[in-house]
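K.L.:
Contents are mmCIF, C-alpha atoms and all ligand atoms; file name query21.cif:
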data_coords
loop_
_atom_site.label_atom_id
_atom_site.label_comp_id
_atom_site.auth_asym_id
_atom_site.auth_seq_id
_atom_site.Cartn_x
_atom_site.Cartn_y
_atom_site.Cartn_z
CA MET A 714 -65.07 -140.92 -6.48
CA PHE A 715 -61.74 -142.75 -6.73
CA ILE A 716 -59.07 -142.08 -4.07
CA LEU A 717 -55.68 -143.59 -4.86
CA SER A 718 -54.36 -143.52 -1.26
CA HIS A 719 -57.22 -145.75 -0.08
CA THR A 720 -55.28 -148.72 -1.46
CA PRO A 721 -51.62 -148.84 -0.31
CA SER A 722 -49.27 -148.71 -3.32
CA ILE A 723 -45.99 -147.23 -4.51
CA ALA A 724 -47.99 -144.09 -5.35
CA ASP A 725 -48.05 -143.36 -1.60
CA ARG A 726 -44.30 -142.79 -1.82
CA PHE A 727 -44.80 -140.27 -4.62
CA LEU A 728 -47.32 -138.39 -2.45
CA THR A 729 -44.99 -138.59 0.58
CA GLU A 730 -42.04 -137.16 -1.36
CA LEU A 731 -44.21 -134.35 -2.75
CA ARG A 732 -45.04 -133.20 0.79
CA ASP A 733 -41.56 -133.57 2.32
CA THR A 734 -39.86 -130.16 2.71
CA SER A 735 -36.44 -131.87 2.72
CA LEU A 736 -37.11 -133.09 -0.85
CA GLN A 737 -39.15 -130.17 -2.15
CA THR A 738 -36.04 -128.14 -2.97
CA ASP A 739 -35.43 -130.60 -5.83
CA ARG A 740 -37.80 -129.18 -8.47
CA MET A 741 -37.10 -131.97 -10.90
CA ARG A 742 -38.14 -134.62 -8.35
CA PHE A 743 -41.21 -132.58 -7.40
CA ARG A 744 -42.34 -132.32 -11.04
CA ARG A 745 -41.58 -135.98 -11.68
CA ASN A 746 -43.65 -137.09 -8.67
CA ILE A 747 -46.62 -135.00 -9.85
CA GLU A 748 -46.13 -136.59 -13.27
CA ARG A 749 -46.02 -140.08 -11.73
CA VAL A 750 -49.30 -139.57 -9.86
CA GLY A 751 -50.72 -138.40 -13.22
CA GLU A 752 -49.54 -141.63 -14.84
CA VAL A 753 -51.16 -143.77 -12.14
CA LEU A 754 -54.47 -141.86 -12.19
CA ALA A 755 -54.51 -142.01 -16.00
CA TYR A 756 -54.14 -145.78 -15.75
CA GLU A 757 -57.01 -145.99 -13.26
CA ILE A 758 -59.24 -143.85 -15.51
CA SER A 759 -58.26 -145.99 -18.50
CA LYS A 760 -59.96 -148.97 -16.84
CA THR A 761 -63.32 -147.22 -17.24
CA LEU A 762 -62.96 -146.29 -20.93
CA THR A 763 -64.28 -148.11 -23.99
CA TYR A 764 -62.08 -150.25 -26.23
CA ARG A 765 -62.57 -151.89 -29.63
CA HIS A 766 -60.90 -154.98 -31.00
CA GLU A 767 -59.14 -155.15 -34.33
CA THR A 768 -57.15 -157.87 -35.99
CA ILE A 769 -53.50 -156.91 -36.26
CA HIS A 770 -50.59 -158.98 -37.55
CA THR A 771 -47.57 -160.10 -35.59
CA PRO A 772 -44.63 -161.64 -37.52
CA LEU A 773 -46.22 -165.03 -36.69
CA GLY A 774 -49.79 -164.35 -37.75
CA PRO A 775 -53.02 -162.57 -36.85
CA ALA A 776 -53.76 -161.50 -33.28
CA ARG A 777 -56.60 -159.68 -31.59
CA GLY A 778 -55.60 -156.07 -30.91
CA THR A 779 -57.33 -153.77 -28.42
CA LEU A 780 -57.57 -150.05 -29.05
CA LEU A 781 -59.05 -147.11 -27.17
CA ASP A 782 -62.39 -146.27 -28.74
CA GLN A 783 -63.12 -142.90 -27.13
CA PRO A 784 -61.89 -139.48 -28.30
CA LEU A 785 -60.06 -137.94 -25.33
CA VAL A 786 -59.28 -134.33 -24.52
CA LEU A 787 -56.80 -133.66 -21.71
CA ALA A 788 -57.40 -130.20 -20.25
CA THR A 789 -54.98 -128.57 -17.88
CA ILE A 790 -54.75 -125.41 -15.78
CA LEU A 791 -51.48 -123.51 -16.03
CA ARG A 792 -49.05 -123.49 -14.33
CA ALA A 793 -48.94 -126.15 -11.65
CA SER A 794 -50.74 -128.74 -13.75
CA LEU A 795 -48.14 -128.97 -16.54
CA PRO A 796 -46.26 -131.98 -15.08
CA PHE A 797 -49.57 -133.64 -14.13
CA HIS A 798 -50.69 -133.20 -17.74
CA GLN A 799 -47.44 -134.73 -18.97
CA GLY A 800 -48.08 -137.80 -16.82
CA PHE A 801 -51.51 -138.24 -18.42
CA LEU A 802 -49.99 -137.75 -21.88
CA HIS A 803 -47.50 -140.55 -21.24
CA LEU A 804 -50.45 -142.96 -21.23
CA PHE A 805 -53.00 -141.17 -23.43
CA ASP A 806 -50.40 -140.25 -26.03
CA GLN A 807 -52.87 -139.67 -28.87
CA ALA A 808 -55.26 -137.42 -26.92
CA GLU A 809 -56.17 -133.90 -27.95
CA ASN A 810 -55.24 -131.18 -25.46
CA ALA A 811 -56.66 -128.02 -23.98
CA PHE A 812 -54.78 -125.41 -21.91
CA VAL A 813 -56.21 -122.71 -19.71
CA GLY A 814 -54.26 -119.95 -17.97
CA ALA A 815 -55.91 -119.46 -14.57
CA TYR A 816 -54.65 -118.50 -11.16
CA ARG A 817 -55.93 -117.43 -7.77
CA GLY A 818 -55.74 -113.64 -7.59
CA PRO A 819 -54.78 -111.62 -4.48
CA HIS A 820 -56.92 -112.01 -1.40
CA ALA A 821 -59.49 -109.27 -0.91
CA GLN A 822 -60.08 -107.73 2.52
CA ASP A 823 -62.76 -110.24 3.37
CA ASP A 824 -60.15 -112.89 2.54
CA THR A 825 -61.88 -114.15 -0.56
CA PHE A 826 -60.13 -114.30 -3.91
CA GLN A 827 -61.08 -114.20 -7.56
CA VAL A 828 -59.85 -116.76 -10.04
CA GLU A 829 -58.23 -114.83 -12.89
CA MET A 830 -58.39 -116.45 -16.30
CA ASP A 831 -56.51 -115.01 -19.26
CA TYR A 832 -55.82 -117.76 -21.79
CA ILE A 833 -57.82 -120.63 -23.20
CA ALA A 834 -57.06 -122.95 -26.10
CA SER A 835 -59.16 -126.03 -26.71
CA PRO A 836 -60.29 -128.34 -29.48
CA SER A 837 -64.01 -129.12 -29.83
CA LEU A 838 -65.23 -131.00 -26.76
CA GLN A 839 -68.50 -132.08 -28.33
CA ASP A 840 -69.27 -135.71 -27.47
CA LYS A 841 -65.68 -136.34 -26.37
CA THR A 842 -64.30 -137.56 -23.06
CA LEU A 843 -62.85 -134.63 -21.15
CA ILE A 844 -60.22 -135.19 -18.47
CA LEU A 845 -59.75 -131.93 -16.58
CA MET A 846 -56.79 -131.88 -14.23
CA ASP A 847 -55.11 -129.75 -11.63
CA PRO A 848 -52.81 -131.10 -8.91
CA MET A 849 -54.39 -129.05 -6.11
CA LEU A 850 -58.16 -129.05 -5.52
CA ALA A 851 -58.41 -126.49 -2.71
CA THR A 852 -61.65 -124.47 -2.86
CA GLY A 853 -62.52 -125.91 -6.28
CA ARG A 854 -63.12 -122.44 -7.71
CA SER A 855 -60.35 -122.68 -10.31
CA LEU A 856 -61.62 -125.99 -11.64
CA GLU A 857 -65.23 -124.80 -11.71
CA LYS A 858 -64.40 -121.56 -13.55
CA VAL A 859 -62.20 -123.34 -16.08
CA TYR A 860 -64.81 -126.04 -16.66
CA GLN A 861 -67.55 -123.45 -17.29
CA ALA A 862 -65.26 -121.66 -19.76
CA LEU A 863 -64.39 -124.91 -21.55
CA LEU A 864 -68.07 -125.67 -22.18
CA GLN A 865 -68.07 -122.98 -24.92
CA PHE A 866 -66.16 -125.60 -26.96
CA GLY A 867 -69.02 -128.12 -26.80
CA THR A 868 -70.67 -130.59 -24.44
CA PRO A 869 -68.45 -133.53 -23.55
CA ALA A 870 -69.95 -137.01 -23.39
CA GLN A 871 -68.06 -137.71 -20.15
CA VAL A 872 -66.07 -135.56 -17.75
CA HIS A 873 -63.34 -136.76 -15.39
CA VAL A 874 -61.68 -134.39 -12.92
CA ALA A 875 -58.28 -135.41 -11.55
CA ALA A 876 -56.24 -133.93 -8.70
CA VAL A 877 -53.21 -135.04 -6.68
CA ILE A 878 -54.34 -133.58 -3.33
CA ALA A 879 -57.86 -132.40 -2.55
CA SER A 880 -59.50 -130.78 0.46
CA PRO A 881 -62.88 -131.98 1.73
CA GLU A 882 -64.23 -128.48 0.93
CA GLY A 883 -62.98 -128.73 -2.67
CA VAL A 884 -64.47 -132.17 -3.14
CA ALA A 885 -67.84 -130.93 -1.83
CA HIS A 886 -67.66 -127.89 -4.14
CA ILE A 887 -67.04 -130.01 -7.25
CA GLN A 888 -69.72 -132.51 -6.30
CA ASP A 889 -72.19 -129.66 -5.79
CA ARG A 890 -71.31 -127.51 -8.86
CA MET A 891 -70.18 -130.18 -11.30
CA PRO A 892 -72.24 -133.27 -10.41
CA GLU A 893 -71.75 -134.76 -13.89
CA CYS A 894 -68.00 -135.07 -13.30
CA ARG A 895 -66.29 -138.15 -11.91
CA LEU A 896 -63.51 -137.36 -9.42
CA TRP A 897 -60.10 -139.09 -9.43
CA LEU A 898 -57.89 -138.08 -6.51
CA GLY A 899 -54.46 -138.97 -5.18
CA THR A 900 -55.64 -138.28 -1.66
CA VAL A 901 -57.96 -136.06 0.41
CA ASP A 902 -56.39 -134.02 3.22
CA SER A 903 -57.76 -132.56 6.45
CA HIS A 904 -58.95 -129.01 5.67
CA LEU A 905 -58.25 -125.59 4.15
CA ASN A 906 -56.49 -122.91 6.20
CA GLU A 907 -57.50 -119.22 6.35
CA HIS A 908 -55.58 -118.58 3.10
CA PHE A 909 -57.39 -121.40 1.33
CA TYR A 910 -54.31 -123.63 1.32
CA ILE A 911 -54.73 -127.36 1.81
CA VAL A 912 -53.53 -128.63 5.23
CA PRO A 913 -51.24 -130.51 5.47
CA GLY A 914 -51.09 -130.38 1.64
CA LEU A 915 -47.70 -129.60 0.19
CA GLY A 916 -47.55 -125.81 -0.11
CA ASP A 917 -47.73 -123.97 -3.41
CA ALA A 918 -47.55 -126.54 -6.18
CA GLY A 919 -46.84 -124.03 -8.96
CA ASP A 920 -43.95 -122.43 -7.06
CA LEU A 921 -42.49 -125.80 -6.07
CA ALA A 922 -42.60 -127.06 -9.64
CA PHE A 923 -41.39 -123.91 -11.40
CA GLY A 924 -40.11 -121.41 -8.84
CA PRO A 925 -41.76 -118.33 -7.35
CA LYS A 926 -43.67 -115.81 -9.44
CA GLU A 927 -43.77 -112.04 -8.91
O1 LIG B 1001 -59.14 -124.94 -5.79
P1 LIG B 1001 -58.63 -123.53 -5.79
O2 LIG B 1001 -58.89 -122.82 -4.49
O3 LIG B 1001 -59.12 -122.75 -6.95
O4 LIG B 1001 -57.04 -123.59 -5.85
C1 LIG B 1001 -56.35 -124.44 -6.69
C2 LIG B 1001 -55.55 -123.67 -7.68
O5 LIG B 1001 -54.44 -123.05 -7.04
C3 LIG B 1001 -53.23 -123.44 -7.71
O6 LIG B 1001 -52.91 -122.61 -8.74
P2 LIG B 1001 -52.34 -121.12 -8.48
O7 LIG B 1001 -53.44 -120.13 -8.44
O8 LIG B 1001 -51.43 -121.15 -7.30
O9 LIG B 1001 -51.53 -120.84 -9.83
P3 LIG B 1001 -50.13 -121.43 -10.29
O10 LIG B 1001 -50.41 -122.78 -10.86
O11 LIG B 1001 -49.67 -120.47 -11.31
O12 LIG B 1001 -49.21 -121.50 -9.09
C4 LIG B 1001 -53.59 -124.82 -8.22
O13 LIG B 1001 -52.74 -125.29 -9.22
C5 LIG B 1001 -55.00 -124.65 -8.67
O14 LIG B 1001 -55.10 -124.15 -10.00
O1 LIG B 1002 -52.75 -125.78 -0.99
C1 LIG B 1002 -52.77 -125.22 -2.11
C2 LIG B 1002 -53.89 -124.53 -2.58
C3 LIG B 1002 -53.85 -123.95 -3.81
N1 LIG B 1002 -52.73 -124.06 -4.54
C4 LIG B 1002 -51.65 -124.73 -4.12
O2 LIG B 1002 -50.64 -124.84 -4.84
N2 LIG B 1002 -51.68 -125.29 -2.89
MG MG B 1003 -49.58 -121.45 -7.19
#
Can the structure from this file be put into structure tokens for me?

P.N.:
Amino acid sequence: MFILSHTPSIADRFLTELRDTSLQTDRMRFRRNIERVGEVLAYEISKTLTYRHETIHTPLGPARGTLLDQPLVLATILRASLPFHQGFLHLFDQAENAFVGAYRGPHAQDDTFQVEMDYIASPSLQDKTLILMDPMLATGRSLEKVYQALLQFGTPAQVHVAAVIASPEGVAHIQDRMPECRLWLGTVDSHLNEHFYIVPGLGDAGDLAFGPKE
């Protein structure tokens, strides 16, 4: 498991701004900071991928070029993950993409919730490297449900799961239910509250990025 905040860097400022209520009213800044954490995590993941060398030609002669040698699929969970996805696309600009519409439904009386899923579009995942992302890893149920649904498109060779803020409960859930996945996190917070929100977290990432939904 990789945790970005374990090494002090400028990315800590992005995380700080994301949490700060005095800055959260600026939706553009909120989305851009999610995107920036995506860019940094994409770079960290890129260090683990496979590259091939090819001779290319500069105006002054041949040079050794280095190219990504792994087919990538970036998979994202609507809505909150759209800016995170964009950050990954800035680095992995030739990747294929999958989108899944999923959201946490209303709380039942026993205070559980169902993850509703109503849209899925994906290329084949067979033997590819799947990077599944969602900025908030709270209970982990959304990511697990989406991952299980994506497997109908084939068995990936490698799976990376990325999140901006995770809870310890969410991390444990993914490690238990999706042990083949490697986790890439901005940071891990204290706990989940009674509504399954991450504390201190940042609030509702989808609403902060795009406004409230009915
Ligand atoms: O780990 P979990 O407990 O499943 O919670 C995390 C999910 O909750 C948020 O989405 P939400 O349901 O708020 O939808 P939204 O993106 O439309 O706001 C978030 O983006 C994750 O998808
Ligand atoms: O803390 C949380 C949990 C789920 N979804 C969010 O946007 N925030
Ligand atoms: Mg939301």

K.L.:
I need the residue nearest Leu795 of chain A from this list: A:Leu850, A:Cys894, A:Leu856, A:Val813. Use only C-alpha atoms for the distance.

P.N.:
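Nearest candidate to Leu795 of chain A out of A:Leu850, A:Cys894, A:Leu856, A:Val813: A:Val813.
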
K.L.:
Would you list the residues that come within 9 Å of ligand LIG 1002 (chain B)? Count only C-alpha atoms and all ligand atoms and give the answer as number ranges by chain.

P.N.:
A: 793, 816-817, 848-852, 878-880, 905-906, 908-921

K.L.:
With C-alpha atoms retained, write the just-selected residues as a short mmCIF file (atom, residue, chain, number, x, y, z; two decimals), in the coordinates of the input.

P.N.:
data_model
loop_
_atom_site.label_atom_id
_atom_site.label_comp_id
_atom_site.auth_asym_id
_atom_site.auth_seq_id
_atom_site.Cartn_x
_atom_site.Cartn_y
_atom_site.Cartn_z
CA ALA A 793 -48.94 -126.15 -11.65
CA TYR A 816 -54.65 -118.50 -11.16
CA ARG A 817 -55.93 -117.43 -7.77
CA PRO A 848 -52.81 -131.10 -8.91
CA MET A 849 -54.39 -129.05 -6.11
CA LEU A 850 -58.16 -129.05 -5.52
CA ALA A 851 -58.41 -126.49 -2.71
CA THR A 852 -61.65 -124.47 -2.86
CA ILE A 878 -54.34 -133.58 -3.33
CA ALA A 879 -57.86 -132.40 -2.55
CA SER A 880 -59.50 -130.78 0.46
CA LEU A 905 -58.25 -125.59 4.15
CA ASN A 906 -56.49 -122.91 6.20
CA HIS A 908 -55.58 -118.58 3.10
CA PHE A 909 -57.39 -121.40 1.33
CA TYR A 910 -54.31 -123.63 1.32
CA ILE A 911 -54.73 -127.36 1.81
CA VAL A 912 -53.53 -128.63 5.23
CA PRO A 913 -51.24 -130.51 5.47
CA GLY A 914 -51.09 -130.38 1.64
CA LEU A 915 -47.70 -129.60 0.19
CA GLY A 916 -47.55 -125.81 -0.11
CA ASP A 917 -47.73 -123.97 -3.41
CA ALA A 918 -47.55 -126.54 -6.18
CA GLY A 919 -46.84 -124.03 -8.96
CA ASP A 920 -43.95 -122.43 -7.06
CA LEU A 921 -42.49 -125.80 -6.07
#

K.L.:
In Å, rounded to a single decimal, give me how far atom CA of Arg895 of chain A is from atom CA of Val874 of chain A.

P.N.:
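Rounded to one decimal, the two atoms are 6.0 Å apart.
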
K.L.:
Could you pull the residues within 12 Å of Phe812 of chain A, counting only C-alpha atoms, minus those fewer than 2 positions along the same chain, as an NGL selection string?

P.N.:
:A and (786-795 or 798 or 809-810 or 814-815 or 830-836 or 844-847 or 859-860 or 862-863)

K.L.:
If we count all atoms listed in the file and set the cut-off at 10 Å, which residues sit around Pro784 of chain A, ignoring sequence neighbours fewer than 2 positions away in its own chain? Please answer as a PDB file with C-alpha atoms, in the coordinates of the input.

P.N.:
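What landed in out_10.pdb:
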ATOM      1  CA  THR A 763     -64.280-148.110 -23.990  1.00  0.00           C
ATOM      2  CA  LEU A 781     -59.050-147.110 -27.170  1.00  0.00           C
ATOM      3  CA  ASP A 782     -62.390-146.270 -28.740  1.00  0.00           C
ATOM      4  CA  VAL A 786     -59.280-134.330 -24.520  1.00  0.00           C
ATOM      5  CA  GLN A 807     -52.870-139.670 -28.870  1.00  0.00           C
ATOM      6  CA  ALA A 808     -55.260-137.420 -26.920  1.00  0.00           C
ATOM      7  CA  GLU A 809     -56.170-133.900 -27.950  1.00  0.00           C
ATOM      8  CA  LEU A 838     -65.230-131.000 -26.760  1.00  0.00           C
ATOM      9  CA  GLN A 839     -68.500-132.080 -28.330  1.00  0.00           C
ATOM     10  CA  ASP A 840     -69.270-135.710 -27.470  1.00  0.00           C
ATOM     11  CA  LYS A 841     -65.680-136.340 -26.370  1.00  0.00           C
ATOM     12  CA  THR A 842     -64.300-137.560 -23.060  1.00  0.00           C
ATOM     13  CA  LEU A 843     -62.850-134.630 -21.150  1.00  0.00           C
ATOM     14  CA  ALA A 870     -69.950-137.010 -23.390  1.00  0.00           C
TER      15      ALA A 870
END

K.L.:
Go through A:Gln865, A:Thr779, A:Ser855, A:Gln737 one by one, measure the shortest atom-to-atom distance of each to Phe826 of chain A using only C-alpha atoms, and give the residue with the smallest value.

P.N.:
A:Ser855

K.L.:
Restricting the calculation to all atoms listed in the file, which member of A:Leu754, A:Leu762, A:Leu773, A:Ile747 is positioned closest to ligand LIG 1001 (chain B)?

P.N.:
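Among the listed residues, the smallest separation from ligand LIG 1001 (chain B) belongs to A:Ile747.
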
K.L.:
Atom CA of Gln783 of chain A to atom CA of Pro869 of chain A: how many Å, to one decimal?

P.N.:
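Result for atom CA of Gln783 of chain A versus atom CA of Pro869 of chain A: 11.4 Å, one decimal.
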
K.L.:
Could you tell me which of A:Gly853, A:Thr729, A:Leu780, A:Phe805 comes closest to Thr768 of chain A if we count all atoms listed in the file?

P.N.:
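For Thr768 of chain A, the nearest of the given residues is A:Leu780.
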
K.L.:
Padding of 6 Å on every side, edges along x, y and z, all listed atoms of segment 755-763 of chain A included: what centre and edge lengths in Å, to one decimal, does that box have, as lines of an AutoDock Vina configuration file?

P.N.:
center_x = -59.2
center_y = -145.5
center_z = -18.6
size_x = 22.1
size_y = 19.0
size_z = 22.7

K.L.:
If I take atom CA of Gly751 of chain A and atom O2 of ligand LIG 1001 (chain B), how far is one from the other in Å, to one decimal?

P.N.:
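Computing it gives 19.6 Å between the two atoms.
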
K.L.:
Measuring atom to atom with all atoms listed in the file, identify which of A:Val828, A:Leu898, A:Val877, A:Leu736 is nearest to Pro796 of chain A.

P.N.:
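Checking each candidate against Pro796 of chain A, we get A:Val877 as the closest.
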
K.L.:
Around (-47.5, -139.9, -17.8), as given in the file, which residues come within 7 Å? Count only C-alpha atoms and list them as a JSON list (two decimals) with C-alpha atoms, in the coordinates of the input.

P.N.:
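Done, and the output landed in point_26.json:
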[["chain", "number", "residue", "atom", "x", "y", "z"],
["A", 748, "GLU", "CA", -46.13, -136.59, -13.27],
["A", 749, "ARG", "CA", -46.02, -140.08, -11.73],
["A", 751, "GLY", "CA", -50.72, -138.40, -13.22],
["A", 752, "GLU", "CA", -49.54, -141.63, -14.84],
["A", 799, "GLN", "CA", -47.44, -134.73, -18.97],
["A", 800, "GLY", "CA", -48.08, -137.80, -16.82],
["A", 801, "PHE", "CA", -51.51, -138.24, -18.42],
["A", 802, "LEU", "CA", -49.99, -137.75, -21.88],
["A", 803, "HIS", "CA", -47.50, -140.55, -21.24],
["A", 804, "LEU", "CA", -50.45, -142.96, -21.23]]

K.L.:
Could you tell me which of A:Leu864, A:Gln827, A:Met891, A:Val901 comes closest to ligand LIG 1001 (chain B) if we count only C-alpha atoms and all ligand atoms?

P.N.:
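Among the listed residues, the smallest separation from ligand LIG 1001 (chain B) belongs to A:Gln827.
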
K.L.:
What does segment 850-908 of chain A look like written to a file with C-alpha atoms, as an mmCIF file, in the first residue's frame?

P.N.:
data_model
loop_
_atom_site.group_PDB
_atom_site.id
_atom_site.type_symbol
_atom_site.label_atom_id
_atom_site.label_comp_id
_atom_site.auth_asym_id
_atom_site.auth_seq_id
_atom_site.Cartn_x
_atom_site.Cartn_y
_atom_site.Cartn_z
ATOM 1 C CA LEU A 850 -12.734 5.222 0.070
ATOM 2 C CA ALA A 851 -15.202 5.187 2.978
ATOM 3 C CA THR A 852 -16.718 1.726 3.565
ATOM 4 C CA GLY A 853 -15.211 0.400 0.324
ATOM 5 C CA ARG A 854 -18.575 -0.962 -0.812
ATOM 6 C CA SER A 855 -18.777 1.232 -3.918
ATOM 7 C CA LEU A 856 -15.335 0.199 -5.103
ATOM 8 C CA GLU A 857 -15.984 -3.481 -4.414
ATOM 9 C CA LYS A 858 -19.334 -3.506 -6.236
ATOM 10 C CA VAL A 859 -17.933 -1.636 -9.226
ATOM 11 C CA TYR A 860 -14.881 -3.900 -9.398
ATOM 12 C CA GLN A 861 -17.053 -7.055 -9.361
ATOM 13 C CA ALA A 862 -19.191 -5.581 -12.158
ATOM 14 C CA LEU A 863 -16.129 -4.649 -14.221
ATOM 15 C CA LEU A 864 -14.845 -8.226 -14.136
ATOM 16 C CA GLN A 865 -17.537 -9.161 -16.704
ATOM 17 C CA PHE A 866 -15.253 -7.354 -19.191
ATOM 18 C CA GLY A 867 -12.340 -9.742 -18.570
ATOM 19 C CA THR A 868 -9.628 -10.518 -16.044
ATOM 20 C CA PRO A 869 -7.025 -7.771 -15.735
ATOM 21 C CA ALA A 870 -3.361 -8.694 -15.425
ATOM 22 C CA GLN A 871 -2.906 -6.113 -12.660
ATOM 23 C CA VAL A 872 -5.297 -3.998 -10.609
ATOM 24 C CA HIS A 873 -4.474 -0.711 -8.891
ATOM 25 C CA VAL A 874 -7.035 1.065 -6.706
ATOM 26 C CA ALA A 875 -6.506 4.777 -6.072
ATOM 27 C CA ALA A 876 -8.230 7.131 -3.627
ATOM 28 C CA VAL A 877 -7.552 10.624 -2.294
ATOM 29 C CA ILE A 878 -8.790 10.005 1.269
ATOM 30 C CA ALA A 879 -9.432 6.581 2.779
ATOM 31 C CA SER A 880 -10.757 5.376 6.123
ATOM 32 C CA PRO A 881 -9.058 2.525 7.987
ATOM 33 C CA GLU A 882 -12.332 0.565 7.612
ATOM 34 C CA GLY A 883 -12.311 1.082 3.833
ATOM 35 C CA VAL A 884 -8.694 0.021 3.524
ATOM 36 C CA ALA A 885 -9.411 -3.154 5.529
ATOM 37 C CA HIS A 886 -12.476 -3.876 3.352
ATOM 38 C CA ILE A 887 -10.514 -3.598 0.097
ATOM 39 C CA GLN A 888 -7.628 -5.649 1.455
ATOM 40 C CA ASP A 889 -10.085 -8.344 2.558
ATOM 41 C CA ARG A 890 -12.378 -8.419 -0.528
ATOM 42 C CA MET A 891 -9.930 -7.435 -3.259
ATOM 43 C CA PRO A 892 -6.561 -8.821 -2.108
ATOM 44 C CA GLU A 893 -5.206 -8.843 -5.667
ATOM 45 C CA CYS A 894 -5.441 -5.038 -5.847
ATOM 46 C CA ARG A 895 -2.631 -2.670 -4.960
ATOM 47 C CA LEU A 896 -3.788 0.421 -3.040
ATOM 48 C CA TRP A 897 -2.576 3.966 -3.798
ATOM 49 C CA LEU A 898 -3.857 6.555 -1.329
ATOM 50 C CA GLY A 899 -3.460 10.274 -0.743
ATOM 51 C CA THR A 900 -3.932 9.746 2.967
ATOM 52 C CA VAL A 901 -5.754 7.602 5.545
ATOM 53 C CA ASP A 902 -7.973 9.403 8.068
ATOM 54 C CA SER A 903 -9.168 8.528 11.566
ATOM 55 C CA HIS A 904 -12.517 6.707 11.187
ATOM 56 C CA LEU A 905 -16.021 6.602 9.702
ATOM 57 C CA ASN A 906 -18.900 8.343 11.472
ATOM 58 C CA GLU A 907 -22.404 6.875 11.978
ATOM 59 C CA HIS A 908 -23.365 7.991 8.444
#
